[in-house]
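Heads up, the thing below is written out as structure tokens.
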Amino acid sequence: MHAIQSQLRNWRETLSPVLRESKFKEHGRITPEEFVAAGDFLAYKFGVWTWEKGDPSKGREYLPADKQYLLTRGVPCLRRATSLAYTDADEDAERLLSFSAGDSGDKDDEWVETHAGRKANTDAANPGDIADIPDLDTDEVTKGVDDLQVAGEIPDMDDIPDMEEDGLEEEEDDAAAAPKSSAKATDASNVEVANGNLLQVRTYDVMITYDKYYQTPRIWLLGYDENRTPLTPPQIFQDVSADHAFKTVTIEAFPHSASLQAASVHPCKHASVMKKVIERMNNSVVEEQLAQKKSSKDTQKTKWFGRKSSSSSGGKEEKEGDDDAVEGMRVDFYLVVFLKFIASIVPTIEVDSTTSF
């Protein structure tokens with residue numbers, strides 16, 4: 001059944017027309033040319049992203065041959081998505097605590113502990129309470145130092161014979177030969193993963209493709225464990241929020257490979273979500289651009305104050321320029337915003353490398 005659905009989706013994308021008109025602000029969808037422009041901006045600003053060709057037999061003719069999809073490797077995943085979920089039934093329980101001993105403490109020293117019913121998480125990242133190290137008795141330490149005695153008297157430095165005088169020059173020693181080069185490197189697959197206080201880190205290869213049917217980017221995830229062994233589908237879903245696992249995130253065939261299977265976030269809701277996010281961001285960008293434009297006008301008026309215009313046409317052109325609308329958010333930033341949206345679906349996979357932008 002899954003194979004039939006995948007085949008139908010491939011036919012649907014093949015028969016869909018290519019979007020030619022820019023609608024990223026109105027509908028949240030982008031054209032293939034805008035996808036390439038946004039990918040160029042992402043790869044230029046953040047070097048971890050690169051363009052890939054993919055399988056030539058799987059290439060899309062509406063995209064450049066050397067810019068079929070974007071790829072970043074080794075994205076860390078430090079913990080599972082279930083560690084972020086509130087699972088205790090009484091997670092909202094609160095209790096009043098006090099720093100003072102007994103019931104006669106000052107009320108000003110009291111404070112409220114939230115989530116009082118939640119059990120402590122004692123995994124590798126949070127080992128829990130650590131017992132205090134007992135202090136040593138000062139008398140015992142002093143007694144131990146007093147019991148130390150120096151064996152014999154320290155000889156005078158002049159009485160120590162030189163090595164050359166006693167014929168102790170360095171000679172070649174067969175026992176100190178160089179190690180043999182036949183030592184075999186340890187296979188990473190045979191190394192037992194340490195437990196306890198060592199944090200086991202998964203990594204992901206993240207790909208971004210263009211979906212012609214939904215006219216939006218599409219994210220793909222390929223996971224590896226600590227020994228670079230590919231993750232199974234159940235293991236991958238451990239790193240996806242419970243609201244999206246097995247629903248919007250599924251395992252499908254990667255469109256630019258003949259054999260690769262990867263987890264994918266279905267793009268059916270991408271356009272509507274991106275439209276809302278872009279509207280909010282565009283409003284703030286427009287306000288900032290208007291403020292900058294007003295500031296530049298005030299500076300220009302102060303500079304040319306008291307001077308007459310050389311011609312009336314110049315003043316007319318300046319008035320027409322004032323009425324021009326500002327550009328707002330450019331389509332180059334589309335994938336930057338898109339990655340921030342995807343980060344909410346896979347919160348423990350650090351797919352958003354644009355946090356400082």
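Starting from 1 in every chain, residues are counted up; chains themselves are A, B, ... following the order of the structure tokens, and ligands are numbered from 1 as listed.
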Residues within 12 Å of range 49-66 of chain A, only C-alpha atoms, excluding chain neighbours under 6 positions, as a ChimeraX atom specification: /A:10,13-14,17-20,31-43,72-75,205-212,253-260,335-336,339,351-354
Write the residues you've just listed into a file as a compact mmCIF listing (two decimals), in the first residue's frame, and include N, CA and C atoms for each of them.
```
# COMPACT_ATOMS: atom_id res chain seq x y z
N ASN A 10 4.43 10.34 -7.03
CA ASN A 10 5.40 10.65 -8.08
C ASN A 10 4.70 11.06 -9.37
N GLU A 13 3.26 14.61 -8.91
CA GLU A 13 4.27 15.66 -9.03
C GLU A 13 4.73 15.82 -10.48
N THR A 14 4.81 14.71 -11.23
CA THR A 14 5.25 14.80 -12.61
C THR A 14 4.25 15.56 -13.47
N PRO A 17 2.00 21.35 -13.04
CA PRO A 17 2.72 22.40 -13.75
C PRO A 17 3.73 23.09 -12.84
N VAL A 18 4.74 23.67 -13.46
CA VAL A 18 5.77 24.39 -12.72
C VAL A 18 5.29 25.80 -12.43
N LEU A 19 5.39 26.23 -11.17
CA LEU A 19 4.98 27.57 -10.78
C LEU A 19 5.95 28.59 -11.39
N ARG A 20 5.42 29.58 -12.06
CA ARG A 20 6.25 30.62 -12.70
C ARG A 20 6.10 31.98 -12.05
N THR A 31 8.66 29.67 -6.51
CA THR A 31 8.99 29.06 -7.80
C THR A 31 10.33 28.33 -7.70
N PRO A 32 10.65 27.46 -8.67
CA PRO A 32 11.97 26.82 -8.65
C PRO A 32 13.11 27.83 -8.69
N GLU A 33 12.95 28.93 -9.44
CA GLU A 33 13.99 29.96 -9.48
C GLU A 33 14.18 30.60 -8.10
N GLU A 34 13.08 30.84 -7.39
CA GLU A 34 13.18 31.41 -6.05
C GLU A 34 13.78 30.40 -5.07
N PHE A 35 13.50 29.12 -5.27
CA PHE A 35 14.12 28.09 -4.42
C PHE A 35 15.64 28.09 -4.60
N VAL A 36 16.10 28.22 -5.84
CA VAL A 36 17.54 28.27 -6.10
C VAL A 36 18.14 29.54 -5.49
N ALA A 37 17.45 30.67 -5.63
CA ALA A 37 17.96 31.93 -5.06
C ALA A 37 18.05 31.84 -3.54
N ALA A 38 17.00 31.28 -2.90
CA ALA A 38 17.03 31.12 -1.45
C ALA A 38 18.10 30.13 -1.02
N GLY A 39 18.31 29.07 -1.81
CA GLY A 39 19.37 28.11 -1.50
C GLY A 39 20.76 28.71 -1.65
N ASP A 40 20.95 29.55 -2.66
CA ASP A 40 22.24 30.23 -2.83
C ASP A 40 22.54 31.13 -1.63
N PHE A 41 21.50 31.83 -1.16
CA PHE A 41 21.69 32.70 0.00
C PHE A 41 22.02 31.89 1.25
N LEU A 42 21.32 30.75 1.43
CA LEU A 42 21.57 29.90 2.60
C LEU A 42 22.99 29.32 2.56
N ALA A 43 23.42 28.84 1.40
CA ALA A 43 24.76 28.26 1.28
C ALA A 43 25.84 29.32 1.41
N THR A 72 23.29 19.17 4.35
CA THR A 72 24.22 19.42 5.45
C THR A 72 24.41 18.12 6.21
N ARG A 73 25.64 17.83 6.62
CA ARG A 73 25.97 16.56 7.24
C ARG A 73 26.33 16.74 8.72
N GLY A 74 26.13 15.66 9.48
CA GLY A 74 26.57 15.63 10.87
C GLY A 74 25.83 16.58 11.80
N VAL A 75 24.54 16.77 11.57
CA VAL A 75 23.75 17.63 12.46
C VAL A 75 23.53 16.90 13.78
N ASP A 205 22.01 13.58 8.60
CA ASP A 205 22.21 14.28 7.34
C ASP A 205 20.86 14.84 6.93
N VAL A 206 20.81 16.16 6.71
CA VAL A 206 19.55 16.85 6.43
C VAL A 206 19.58 17.34 4.98
N MET A 207 18.54 17.01 4.22
CA MET A 207 18.43 17.44 2.84
C MET A 207 17.18 18.30 2.65
N ILE A 208 17.26 19.27 1.75
CA ILE A 208 16.13 20.13 1.39
C ILE A 208 15.92 20.02 -0.11
N THR A 209 14.76 19.54 -0.52
CA THR A 209 14.41 19.43 -1.93
C THR A 209 13.25 20.38 -2.25
N TYR A 210 12.96 20.49 -3.54
CA TYR A 210 11.82 21.31 -3.98
C TYR A 210 10.70 20.39 -4.41
N ASP A 211 9.51 20.56 -3.83
CA ASP A 211 8.34 19.77 -4.17
C ASP A 211 7.51 20.56 -5.19
N LYS A 212 7.43 20.04 -6.42
CA LYS A 212 6.75 20.77 -7.49
C LYS A 212 5.24 20.80 -7.29
N ALA A 253 10.81 7.26 -0.11
CA ALA A 253 11.96 7.19 -1.01
C ALA A 253 12.46 8.59 -1.33
N PHE A 254 13.77 8.79 -1.22
CA PHE A 254 14.35 10.10 -1.51
C PHE A 254 14.29 10.33 -3.02
N PRO A 255 13.75 11.47 -3.47
CA PRO A 255 13.49 11.65 -4.91
C PRO A 255 14.72 11.74 -5.79
N HIS A 256 15.89 12.04 -5.22
CA HIS A 256 17.10 12.20 -6.03
C HIS A 256 18.04 11.02 -5.88
N SER A 257 17.52 9.88 -5.46
CA SER A 257 18.31 8.65 -5.34
C SER A 257 17.44 7.46 -5.74
N ALA A 258 18.07 6.44 -6.29
CA ALA A 258 17.33 5.27 -6.75
C ALA A 258 17.07 4.27 -5.63
N SER A 259 17.81 4.37 -4.51
CA SER A 259 17.67 3.35 -3.46
C SER A 259 17.53 3.92 -2.05
N LEU A 260 17.74 5.19 -1.86
CA LEU A 260 17.79 5.76 -0.51
C LEU A 260 16.38 5.96 0.05
N LEU A 335 14.31 30.20 2.98
CA LEU A 335 14.80 28.97 3.61
C LEU A 335 15.28 29.20 5.03
N VAL A 336 15.73 30.42 5.34
CA VAL A 336 16.11 30.73 6.72
C VAL A 336 14.89 30.63 7.63
N LEU A 339 13.68 26.83 7.95
CA LEU A 339 14.40 26.00 8.91
C LEU A 339 13.94 26.26 10.34
N VAL A 351 18.60 21.37 13.33
CA VAL A 351 18.58 21.65 11.90
C VAL A 351 18.72 23.14 11.63
N ASP A 352 18.36 23.98 12.58
CA ASP A 352 18.41 25.42 12.38
C ASP A 352 19.80 25.94 12.73
N SER A 353 20.63 26.10 11.71
CA SER A 353 21.97 26.66 11.90
C SER A 353 21.98 28.16 11.72
N THR A 354 20.80 28.77 11.66
CA THR A 354 20.68 30.21 11.41
C THR A 354 20.23 30.96 12.66
```
All helix (DSSP H, G or I) positions in range 197-312 of chain A, as number ranges by chain: A: 233-237, 267-303, 312
For the selection just defined, write its residues with C-alpha atoms to a file, as a PDB file, in the first residue's frame.
```
ATOM      1  CA  PRO A 233      12.592   4.100  11.465  1.00  0.00           C
ATOM      2  CA  PRO A 234      11.468   3.569  15.104  1.00  0.00           C
ATOM      3  CA  GLN A 235      14.721   5.159  16.294  1.00  0.00           C
ATOM      4  CA  ILE A 236      14.245   8.152  13.996  1.00  0.00           C
ATOM      5  CA  PHE A 237      10.719   8.718  15.305  1.00  0.00           C
ATOM      6  CA  PRO A 267       4.796  19.508   2.882  1.00  0.00           C
ATOM      7  CA  CYS A 268       0.986  19.635   2.752  1.00  0.00           C
ATOM      8  CA  LYS A 269       0.858  22.382   5.439  1.00  0.00           C
ATOM      9  CA  HIS A 270       4.123  24.144   4.622  1.00  0.00           C
ATOM     10  CA  ALA A 271       2.590  26.860   2.421  1.00  0.00           C
ATOM     11  CA  SER A 272      -0.081  27.930   4.928  1.00  0.00           C
ATOM     12  CA  VAL A 273       2.350  27.975   7.843  1.00  0.00           C
ATOM     13  CA  MET A 274       5.027  29.833   5.872  1.00  0.00           C
ATOM     14  CA  LYS A 275       2.426  32.403   4.747  1.00  0.00           C
ATOM     15  CA  LYS A 276       1.574  33.249   8.364  1.00  0.00           C
ATOM     16  CA  VAL A 277       5.211  33.412   9.455  1.00  0.00           C
ATOM     17  CA  ILE A 278       6.232  35.540   6.461  1.00  0.00           C
ATOM     18  CA  GLU A 279       3.340  37.967   7.071  1.00  0.00           C
ATOM     19  CA  ARG A 280       4.515  38.592  10.641  1.00  0.00           C
ATOM     20  CA  MET A 281       8.161  38.935   9.681  1.00  0.00           C
ATOM     21  CA  ASN A 282       7.353  41.101   6.649  1.00  0.00           C
ATOM     22  CA  ASN A 283       5.457  43.594   8.813  1.00  0.00           C
ATOM     23  CA  SER A 284       8.457  44.097  11.082  1.00  0.00           C
ATOM     24  CA  VAL A 285      10.809  44.355   8.090  1.00  0.00           C
ATOM     25  CA  VAL A 286       8.577  46.968   6.432  1.00  0.00           C
ATOM     26  CA  GLU A 287       8.460  49.043   9.623  1.00  0.00           C
ATOM     27  CA  GLU A 288      12.237  48.914   9.895  1.00  0.00           C
ATOM     28  CA  GLN A 289      12.715  49.904   6.246  1.00  0.00           C
ATOM     29  CA  LEU A 290      10.251  52.787   6.585  1.00  0.00           C
ATOM     30  CA  ALA A 291      12.122  54.045   9.659  1.00  0.00           C
ATOM     31  CA  GLN A 292      15.434  53.887   7.800  1.00  0.00           C
ATOM     32  CA  LYS A 293      13.929  55.676   4.798  1.00  0.00           C
ATOM     33  CA  LYS A 294      12.511  58.425   6.988  1.00  0.00           C
ATOM     34  CA  SER A 295      15.860  58.845   8.731  1.00  0.00           C
ATOM     35  CA  SER A 296      17.680  59.185   5.406  1.00  0.00           C
ATOM     36  CA  LYS A 297      15.156  61.797   4.228  1.00  0.00           C
ATOM     37  CA  ASP A 298      15.618  63.868   7.377  1.00  0.00           C
ATOM     38  CA  THR A 299      19.379  63.756   6.912  1.00  0.00           C
ATOM     39  CA  GLN A 300      19.069  64.856   3.280  1.00  0.00           C
ATOM     40  CA  LYS A 301      16.759  67.757   4.191  1.00  0.00           C
ATOM     41  CA  THR A 302      19.177  68.973   6.854  1.00  0.00           C
ATOM     42  CA  LYS A 303      22.087  68.784   4.415  1.00  0.00           C
ATOM     43  CA  SER A 312      11.163  71.741 -10.873  1.00  0.00           C
TER      44      SER A 312
END
```
Straight-line distance linking CA of Ser264 in chain A with CA of Arg218 in chain A, stated in Å to one decimal: 7.4 Å
Atomic separation - CA of Trp220 in chain A relative to CA of Val249 in chain A, Å: 9.4 Å
For CA of Gln200 in chain A and CA of Thr248 in chain A, the interatomic separation in Å (one decimal): 27.0 Å
Among listed residues A:Ala245, A:Arg202, A:Leu71, A:Arg228, nearest Phe46 in chain A (using only C-alpha atoms): A:Leu71
Distance query Leu231 in chain A at most 12 Å, only C-alpha atoms, self and fewer than 6 positions along chain excluded, as JSON, numbers by chain: {"A": [202, 203, 204, 205, 221, 222, 223, 224, 225, 237, 238, 239, 251, 261, 262, 263]}
Strand (DSSP E) per DSSP on the backbone: members of range 12-70 of chain A, as a list in words: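 Selection result, strand (DSSP E) within range 12-70 of chain A: Thr50, Trp51, Glu52, Tyr69 and Leu70 of chain A.
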